[in-house]
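Peer 1: Next up is a structure, given as structure tokens.
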Amino acid sequence: MTSAAPSLDFDRVTVDDVSRHFGRRRAVSRVSFAAARGAIIGLLGPNGAGKSTLLTMLATLLRPSSGTIRYGTLQAVNAPPALRARIGVLGHDLFLYPELTARENLKFFAALYGLRDADSAARAALERAGLADRGNDLVAGFSRGMRQRVALERALIHEPRLVLLDEPFTGLDEASTSALITRLRSLRDSGAAIVLATHDLDLADGLLDEAVFLREGRMVQLLSRPEGLRSAYRNAMTRPSQS
Amino acid sequence: MMRVAWLILRKDLTVEVRSREIAYTTLFFAVSCVLVFAFALVREGRGPEDGAAGILWIAVMFAGNLALGRTFERERQSETLRALLLAPASRPAVYVGKLLGILVLLFGTELLLVPLVALLFQARLLAHPFWLIAIMTTGTVGFAAVGTLFAAMLVRARSRDVLLPVLLYPITVPVIIAGVRGTATLLQPELETGIIRFWFALLVTFDVVFVTLALWTFEAVMTD
């Protein structure tokens, strides 16, 4: 008798008591939260708080030392490669080849994710990025804001269910930041689960459905529908540590 | 797997055609290496017996190390290796794609090196083209198979430029010995087929073992 294969479609990603150590260094310690579809979760904390390590584990690039990450009912350790087709990642580095044009970059990643018509997907992504007229220019010649827009569309080209963003506002001017926030809200409305790591509280305020405050790898507070993010963050970060 | 490997190979070749950075540096280094040995060792138009075989393989190995380092440095600069590993393809497909890209570069370098060494050392390298191609191909595949795995593993290491040759050359000693001895056999006036078959079989065995090992370990190595 064979058991049915678990579904790769998921409505919720659950991080359950997850820790990650690098040798003796504790990068993430006993963190738990859940990211449901149609919500933006913020991982907030200073540098070295474990935000990027958590995102790397959520992206399946790193295994937790202990605890589990579940995509619906599927555990990350048992996940087949096809699960990664449901995840989109925008890293602090943009994952773009500067020697290729914006169109070539998008087409390459669309094909890599197995999209049938990579050409059309790249064209549509360029239009969403507002760069349809610059599609044949090398990415090396783009400003940081333009690269960020291409990188975001690269991360979303396969319409992922879980979107992971690491410091997406870094280096963006006001117009690009505003466009990114609008795009994130439309993604949330379309049913994606978004996990966003940032230390820019002003930009995160009003955008997040849940905020996870991290300090030295530990989760110090989980806030739903956070308001007055800056004062809540200050309180959480100045509270004595329980280690 | 082969669809993803082909996509990565095509992307690598497009990037290289645009920048020509790795091809130029690899070729320049390999040719310089051969020229230095030629100036040092060739007397009255003749090099030392079997010297051409050793010098050809030294140039290939040194140039290969350079190409391996630069190929993965390029993927590291924009963290694009992570993007490749995030794709919903089996991770060994990424390894195969990168390996094929390295092989294209190394075979291109050898196309220039073999006639150059034959000319400068007055060596009969092209007398048995079938066996030369067989030895060069299997030797290059073995070297690149191990090198691609190590270069990918070391991509985040701070001392990767030093560590790569330190790890790579000891492991590929059988390839170097078999490649040099196999090629030297081809330089003899009488071709000893038994000997050349032995070295060729050794290279094929090395290739099978290390390509299998690399495919098997790549997922685990790149996940942590």
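Chain labels follow the order of the structure tokens: the first chain is A, the next B, and so on; residue numbering restarts at 1 in every chain, and ligands are counted from 1 in their shown order.
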Tell me, as JSON, numbers by chain, which residues lie within 6 Å of range 138-144 of chain B, counting only C-alpha atoms; anything in the same chain fewer than 5 positions away does not count.
Peer 2: {"B": [175, 179, 203, 207]}
Peer 1: Dump N, CA and C atoms for the selected residues as a compact mmCIF listing (two decimals), in the first residue's frame?
Peer 2:
# COMPACT_ATOMS: atom_id res chain seq x y z
N VAL B 175 44.66 11.70 -12.24
CA VAL B 175 44.37 12.25 -13.57
C VAL B 175 45.66 12.81 -14.19
N GLY B 179 47.16 11.21 -17.39
CA GLY B 179 47.16 12.11 -18.55
C GLY B 179 48.56 12.27 -19.10
N LEU B 203 41.66 6.66 -16.53
CA LEU B 203 40.99 7.97 -16.61
C LEU B 203 39.46 7.80 -16.65
N ASP B 207 36.81 9.20 -13.96
CA ASP B 207 35.68 10.06 -14.38
C ASP B 207 34.37 9.51 -13.83
Peer 1: Select, as a PDB file with N, CA and C atoms, in the first residue's frame, those residues of chain B with any atom no more than 6 Å from chain A (distances computed using only C-alpha atoms).
Peer 2:
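selection.pdb was written with the following content:
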ATOM      1  N   VAL B  15      27.181  34.830 -21.287  1.00  0.00           N
ATOM      2  CA  VAL B  15      27.911  35.759 -20.406  1.00  0.00           C
ATOM      3  C   VAL B  15      29.380  35.824 -20.825  1.00  0.00           C
ATOM      4  N   SER B  78      27.010  38.357  -7.623  1.00  0.00           N
ATOM      5  CA  SER B  78      25.610  38.782  -7.455  1.00  0.00           C
ATOM      6  C   SER B  78      24.792  37.698  -6.768  1.00  0.00           C
ATOM      7  N   GLU B  79      25.487  36.763  -6.122  1.00  0.00           N
ATOM      8  CA  GLU B  79      24.828  35.654  -5.409  1.00  0.00           C
ATOM      9  C   GLU B  79      23.924  34.843  -6.338  1.00  0.00           C
ATOM     10  N   THR B  80      24.274  34.807  -7.627  1.00  0.00           N
ATOM     11  CA  THR B  80      23.403  34.107  -8.574  1.00  0.00           C
ATOM     12  C   THR B  80      23.454  32.591  -8.394  1.00  0.00           C
ATOM     13  N   ALA B  83      20.536  31.745  -6.557  1.00  0.00           N
ATOM     14  CA  ALA B  83      19.343  31.776  -7.419  1.00  0.00           C
ATOM     15  C   ALA B  83      19.220  30.471  -8.198  1.00  0.00           C
ATOM     16  N   ALA B  87      16.085  27.214  -7.829  1.00  0.00           N
ATOM     17  CA  ALA B  87      15.211  26.767  -8.922  1.00  0.00           C
ATOM     18  C   ALA B  87      14.650  25.377  -8.618  1.00  0.00           C
ATOM     19  N   PRO B  88      13.451  25.107  -9.117  1.00  0.00           N
ATOM     20  CA  PRO B  88      12.824  23.815  -8.785  1.00  0.00           C
ATOM     21  C   PRO B  88      13.383  22.650  -9.608  1.00  0.00           C
ATOM     22  N   ALA B  89      14.664  22.697  -9.868  1.00  0.00           N
ATOM     23  CA  ALA B  89      15.305  21.600 -10.591  1.00  0.00           C
ATOM     24  C   ALA B  89      16.149  20.834  -9.592  1.00  0.00           C
ATOM     25  N   SER B  90      16.501  19.597  -9.946  1.00  0.00           N
ATOM     26  CA  SER B  90      17.371  18.869  -9.036  1.00  0.00           C
ATOM     27  C   SER B  90      18.724  19.584  -9.028  1.00  0.00           C
ATOM     28  N   THR B 223      23.382  22.542   0.235  1.00  0.00           N
ATOM     29  CA  THR B 223      22.275  22.918   1.127  1.00  0.00           C
ATOM     30  C   THR B 223      22.784  23.440   2.446  1.00  0.00           C
ATOM     31  N   ASP B 224      23.891  22.932   2.918  1.00  0.00           N
ATOM     32  CA  ASP B 224      24.454  23.443   4.183  1.00  0.00           C
ATOM     33  C   ASP B 224      25.766  24.139   3.953  1.00  0.00           C
TER      34      ASP B 224
END
Peer 1: Just want the 10 Å neighbourhood of Ala197 in chain A, counted on only C-alpha atoms, with same-chain residues fewer than 2 positions away dropped. Output as a PDB file with N, CA and C atoms, in the first residue's frame.
Peer 2:
ATOM      1  N   ILE A  41       4.317  39.282   6.689  1.00  0.00           N
ATOM      2  CA  ILE A  41       4.956  39.106   7.999  1.00  0.00           C
ATOM      3  C   ILE A  41       6.307  39.816   7.950  1.00  0.00           C
ATOM      4  N   GLY A  42       6.577  40.629   8.934  1.00  0.00           N
ATOM      5  CA  GLY A  42       7.869  41.322   8.982  1.00  0.00           C
ATOM      6  C   GLY A  42       8.791  40.678   9.997  1.00  0.00           C
ATOM      7  N   LEU A  43      10.011  40.401   9.590  1.00  0.00           N
ATOM      8  CA  LEU A  43      11.047  39.969  10.543  1.00  0.00           C
ATOM      9  C   LEU A  43      11.873  41.213  10.838  1.00  0.00           C
ATOM     10  N   LEU A  44      11.761  41.687  12.057  1.00  0.00           N
ATOM     11  CA  LEU A  44      12.390  42.959  12.403  1.00  0.00           C
ATOM     12  C   LEU A  44      13.441  42.754  13.474  1.00  0.00           C
ATOM     13  N   GLY A  45      14.547  43.428  13.302  1.00  0.00           N
ATOM     14  CA  GLY A  45      15.613  43.306  14.295  1.00  0.00           C
ATOM     15  C   GLY A  45      16.871  43.955  13.785  1.00  0.00           C
ATOM     16  N   GLY A  50      19.388  37.431  13.042  1.00  0.00           N
ATOM     17  CA  GLY A  50      18.998  36.116  12.519  1.00  0.00           C
ATOM     18  C   GLY A  50      17.941  36.185  11.422  1.00  0.00           C
ATOM     19  N   LYS A  51      17.631  37.396  10.940  1.00  0.00           N
ATOM     20  CA  LYS A  51      16.573  37.558   9.922  1.00  0.00           C
ATOM     21  C   LYS A  51      16.938  36.828   8.619  1.00  0.00           C
ATOM     22  N   SER A  52      18.150  37.085   8.137  1.00  0.00           N
ATOM     23  CA  SER A  52      18.551  36.485   6.853  1.00  0.00           C
ATOM     24  C   SER A  52      18.697  34.970   6.969  1.00  0.00           C
ATOM     25  N   LEU A  54      16.938  33.040   8.910  1.00  0.00           N
ATOM     26  CA  LEU A  54      15.573  32.502   8.889  1.00  0.00           C
ATOM     27  C   LEU A  54      15.039  32.449   7.453  1.00  0.00           C
ATOM     28  N   LEU A  55      15.276  33.527   6.708  1.00  0.00           N
ATOM     29  CA  LEU A  55      14.802  33.549   5.317  1.00  0.00           C
ATOM     30  C   LEU A  55      15.492  32.461   4.491  1.00  0.00           C
ATOM     31  N   GLY A  91      16.736  38.474  -2.619  1.00  0.00           N
ATOM     32  CA  GLY A  91      17.780  38.618  -1.609  1.00  0.00           C
ATOM     33  C   GLY A  91      18.299  40.038  -1.533  1.00  0.00           C
ATOM     34  N   HIS A  92      19.172  40.257  -0.569  1.00  0.00           N
ATOM     35  CA  HIS A  92      19.826  41.561  -0.479  1.00  0.00           C
ATOM     36  C   HIS A  92      20.669  41.771  -1.730  1.00  0.00           C
ATOM     37  N   LEU A 164       9.758  35.658  -0.244  1.00  0.00           N
ATOM     38  CA  LEU A 164      10.716  35.990   0.812  1.00  0.00           C
ATOM     39  C   LEU A 164      11.556  37.172   0.351  1.00  0.00           C
ATOM     40  N   LEU A 165      11.575  38.229   1.147  1.00  0.00           N
ATOM     41  CA  LEU A 165      12.272  39.452   0.740  1.00  0.00           C
ATOM     42  C   LEU A 165      13.264  39.856   1.834  1.00  0.00           C
ATOM     43  N   ASP A 166      14.518  39.995   1.460  1.00  0.00           N
ATOM     44  CA  ASP A 166      15.545  40.370   2.436  1.00  0.00           C
ATOM     45  C   ASP A 166      15.974  41.813   2.173  1.00  0.00           C
ATOM     46  N   GLU A 167      15.638  42.710   3.088  1.00  0.00           N
ATOM     47  CA  GLU A 167      15.966  44.133   2.989  1.00  0.00           C
ATOM     48  C   GLU A 167      15.635  44.689   1.600  1.00  0.00           C
ATOM     49  N   PRO A 168      14.382  44.596   1.190  1.00  0.00           N
ATOM     50  CA  PRO A 168      14.068  44.988  -0.198  1.00  0.00           C
ATOM     51  C   PRO A 168      14.110  46.492  -0.438  1.00  0.00           C
ATOM     52  N   PHE A 169      14.129  47.298   0.629  1.00  0.00           N
ATOM     53  CA  PHE A 169      14.083  48.758   0.438  1.00  0.00           C
ATOM     54  C   PHE A 169      15.472  49.397   0.353  1.00  0.00           C
ATOM     55  N   ILE A 194       3.797  36.643   2.355  1.00  0.00           N
ATOM     56  CA  ILE A 194       5.034  37.418   2.172  1.00  0.00           C
ATOM     57  C   ILE A 194       5.767  37.491   3.503  1.00  0.00           C
ATOM     58  N   VAL A 195       7.022  37.119   3.496  1.00  0.00           N
ATOM     59  CA  VAL A 195       7.867  37.279   4.692  1.00  0.00           C
ATOM     60  C   VAL A 195       8.975  38.251   4.314  1.00  0.00           C
ATOM     61  N   HIS A 199      15.166  46.303   8.614  1.00  0.00           N
ATOM     62  CA  HIS A 199      15.314  47.054   9.855  1.00  0.00           C
ATOM     63  C   HIS A 199      14.826  48.486   9.654  1.00  0.00           C
ATOM     64  N   ASP A 200      14.102  48.708   8.530  1.00  0.00           N
ATOM     65  CA  ASP A 200      13.537  50.027   8.275  1.00  0.00           C
ATOM     66  C   ASP A 200      12.105  50.069   8.815  1.00  0.00           C
ATOM     67  N   ALA A 204       8.168  49.748   7.208  1.00  0.00           N
ATOM     68  CA  ALA A 204       7.394  48.563   7.599  1.00  0.00           C
ATOM     69  C   ALA A 204       6.082  48.947   8.284  1.00  0.00           C
ATOM     70  N   ALA A 211       4.292  41.264  12.956  1.00  0.00           N
ATOM     71  CA  ALA A 211       5.701  41.623  13.100  1.00  0.00           C
ATOM     72  C   ALA A 211       6.359  40.660  14.075  1.00  0.00           C
ATOM     73  N   VAL A 212       7.484  40.087  13.650  1.00  0.00           N
ATOM     74  CA  VAL A 212       8.263  39.194  14.517  1.00  0.00           C
ATOM     75  C   VAL A 212       9.530  39.958  14.893  1.00  0.00           C
TER      76      VAL A 212
END
Peer 1: As number ranges by chain, please: all residues of range 23-115 of chain A that backbone DSSP puts in alpha helix (DSSP H).
Peer 2: A: 51-58, 102-112
Peer 1: Nearest residue to Trp6 in chain B out of B:Leu213, B:Val36, B:Ala127, B:Val96, using only C-alpha atoms?
Peer 2: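 Distance minimum relative to Trp6 in chain B lands on B:Val96.
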Peer 1: Do a neighbour search on Ile40 in chain A at 12 Å with only C-alpha atoms, toss out local chain neighbours closer than 5 positions, and write the hits as a PDB file with C-alpha atoms, in the first residue's frame.
Peer 2:
ATOM      1  CA  ALA A  34       3.362  31.163  10.864  1.00  0.00           C
ATOM      2  CA  ALA A  35       2.908  32.953   7.551  1.00  0.00           C
ATOM      3  CA  LEU A 162       5.532  32.253  -0.554  1.00  0.00           C
ATOM      4  CA  VAL A 163       7.557  35.398  -1.239  1.00  0.00           C
ATOM      5  CA  LEU A 164      10.716  35.990   0.812  1.00  0.00           C
ATOM      6  CA  LEU A 165      12.272  39.452   0.740  1.00  0.00           C
ATOM      7  CA  ILE A 181       5.111  48.907  -1.357  1.00  0.00           C
ATOM      8  CA  LEU A 184       3.752  44.079  -2.135  1.00  0.00           C
ATOM      9  CA  ARG A 185       0.196  45.069  -1.237  1.00  0.00           C
ATOM     10  CA  SER A 186      -1.104  43.795  -4.576  1.00  0.00           C
ATOM     11  CA  LEU A 187       0.785  40.531  -4.032  1.00  0.00           C
ATOM     12  CA  ARG A 188      -0.823  40.161  -0.608  1.00  0.00           C
ATOM     13  CA  ASP A 189      -4.245  40.824  -2.136  1.00  0.00           C
ATOM     14  CA  SER A 190      -3.596  38.146  -4.756  1.00  0.00           C
ATOM     15  CA  GLY A 191      -3.093  35.598  -1.950  1.00  0.00           C
ATOM     16  CA  ALA A 192       0.663  35.305  -1.579  1.00  0.00           C
ATOM     17  CA  ALA A 193       2.257  34.847   1.834  1.00  0.00           C
ATOM     18  CA  ILE A 194       5.034  37.418   2.172  1.00  0.00           C
ATOM     19  CA  VAL A 195       7.867  37.279   4.692  1.00  0.00           C
ATOM     20  CA  LEU A 196       9.904  40.437   4.726  1.00  0.00           C
ATOM     21  CA  ALA A 197      13.143  41.050   6.658  1.00  0.00           C
ATOM     22  CA  ALA A 204       7.394  48.563   7.599  1.00  0.00           C
ATOM     23  CA  ASP A 205       4.886  50.556   9.695  1.00  0.00           C
ATOM     24  CA  GLY A 206       1.418  50.207   8.199  1.00  0.00           C
ATOM     25  CA  LEU A 207       2.551  47.532   5.728  1.00  0.00           C
ATOM     26  CA  LEU A 208       2.790  44.491   8.002  1.00  0.00           C
ATOM     27  CA  ASP A 209       0.031  42.170   9.153  1.00  0.00           C
ATOM     28  CA  GLU A 210       2.337  40.608  11.716  1.00  0.00           C
ATOM     29  CA  ALA A 211       5.701  41.623  13.100  1.00  0.00           C
ATOM     30  CA  VAL A 212       8.263  39.194  14.517  1.00  0.00           C
ATOM     31  CA  SER A 224      -0.511  41.007  15.154  1.00  0.00           C
ATOM     32  CA  ARG A 225      -1.731  44.055  13.230  1.00  0.00           C
ATOM     33  CA  PRO A 226       1.109  46.124  14.678  1.00  0.00           C
TER      34      PRO A 226
END
Peer 1: Just asking: which residues within range 17-202 of chain A are strand (DSSP E or B) according to DSSP, as a PDB file with C-alpha atoms, in the first residue's frame?
Peer 2:
ATOM      1  CA  ASP A  17      10.748  26.010  17.368  1.00  0.00           C
ATOM      2  CA  VAL A  18      13.462  26.434  14.761  1.00  0.00           C
ATOM      3  CA  SER A  19      17.108  26.889  15.712  1.00  0.00           C
ATOM      4  CA  ARG A  20      20.196  27.144  13.585  1.00  0.00           C
ATOM      5  CA  HIS A  21      23.758  27.011  14.832  1.00  0.00           C
ATOM      6  CA  PHE A  22      26.990  27.575  12.904  1.00  0.00           C
ATOM      7  CA  ARG A  25      27.536  30.385  17.165  1.00  0.00           C
ATOM      8  CA  ARG A  26      23.779  30.552  17.623  1.00  0.00           C
ATOM      9  CA  ALA A  27      22.266  32.366  14.614  1.00  0.00           C
ATOM     10  CA  VAL A  28      18.603  31.504  15.287  1.00  0.00           C
ATOM     11  CA  SER A  29      17.246  30.089  18.522  1.00  0.00           C
ATOM     12  CA  ARG A  30      13.805  28.524  19.053  1.00  0.00           C
ATOM     13  CA  VAL A  31      11.819  30.790  16.735  1.00  0.00           C
ATOM     14  CA  SER A  32       8.152  30.000  15.991  1.00  0.00           C
ATOM     15  CA  PHE A  33       5.649  31.823  13.810  1.00  0.00           C
ATOM     16  CA  ALA A  34       3.362  31.163  10.864  1.00  0.00           C
ATOM     17  CA  ALA A  35       2.908  32.953   7.551  1.00  0.00           C
ATOM     18  CA  ALA A  36      -0.549  32.541   6.037  1.00  0.00           C
ATOM     19  CA  ALA A  39      -0.505  38.315   4.837  1.00  0.00           C
ATOM     20  CA  ILE A  40       2.751  40.224   5.109  1.00  0.00           C
ATOM     21  CA  ILE A  41       4.956  39.106   7.999  1.00  0.00           C
ATOM     22  CA  GLY A  42       7.869  41.322   8.982  1.00  0.00           C
ATOM     23  CA  LEU A  43      11.047  39.969  10.543  1.00  0.00           C
ATOM     24  CA  LEU A  44      12.390  42.959  12.403  1.00  0.00           C
ATOM     25  CA  SER A  66      16.480  21.704  15.270  1.00  0.00           C
ATOM     26  CA  GLY A  67      12.764  22.387  14.933  1.00  0.00           C
ATOM     27  CA  THR A  68      10.704  22.111  11.762  1.00  0.00           C
ATOM     28  CA  ILE A  69       9.556  24.282   8.894  1.00  0.00           C
ATOM     29  CA  ARG A  70       6.339  23.070   7.268  1.00  0.00           C
ATOM     30  CA  TYR A  71       4.841  24.216   3.968  1.00  0.00           C
ATOM     31  CA  LEU A  74       5.003  19.103   3.975  1.00  0.00           C
ATOM     32  CA  GLN A  75       8.188  19.316   6.023  1.00  0.00           C
ATOM     33  CA  ILE A  87       8.769  30.003  -3.366  1.00  0.00           C
ATOM     34  CA  GLY A  88      10.109  33.314  -4.669  1.00  0.00           C
ATOM     35  CA  VAL A  89      13.174  34.956  -3.114  1.00  0.00           C
ATOM     36  CA  LEU A  90      14.466  38.486  -3.432  1.00  0.00           C
ATOM     37  CA  THR A 101      20.019  42.152 -20.589  1.00  0.00           C
ATOM     38  CA  LEU A 138      22.390  45.176 -20.051  1.00  0.00           C
ATOM     39  CA  LEU A 162       5.532  32.253  -0.554  1.00  0.00           C
ATOM     40  CA  VAL A 163       7.557  35.398  -1.239  1.00  0.00           C
ATOM     41  CA  LEU A 164      10.716  35.990   0.812  1.00  0.00           C
ATOM     42  CA  LEU A 165      12.272  39.452   0.740  1.00  0.00           C
ATOM     43  CA  ASP A 166      15.545  40.370   2.436  1.00  0.00           C
ATOM     44  CA  ALA A 193       2.257  34.847   1.834  1.00  0.00           C
ATOM     45  CA  ILE A 194       5.034  37.418   2.172  1.00  0.00           C
ATOM     46  CA  VAL A 195       7.867  37.279   4.692  1.00  0.00           C
ATOM     47  CA  LEU A 196       9.904  40.437   4.726  1.00  0.00           C
ATOM     48  CA  ALA A 197      13.143  41.050   6.658  1.00  0.00           C
ATOM     49  CA  THR A 198      13.972  44.674   7.274  1.00  0.00           C
TER      50      THR A 198
END
Peer 1: How many Å lie between CA of Leu222 in chain A and CA of Thr238 in chain A, rounded to one decimal?
Peer 2: 15.3 Å
Peer 1: Given only C-alpha atoms as the basis, pick out the residue of B:Ala123, B:Ala157, B:Ala151, B:Leu35 nearest to Gly69 in chain B.
Peer 2: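 Residue with the minimum atom-to-atom distance to Gly69 in chain B: B:Ala151.
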Peer 1: CA of Ala220 in chain B to CA of Arg161 in chain A: how many Å, to one decimal?
Peer 2: 25.2 Å
Peer 1: What is the CA of Leu56 in chain B-CA of Val209 in chain B distance in Å, reported with one decimal?
Peer 2: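 These two atoms are separated by 24.5 Å.
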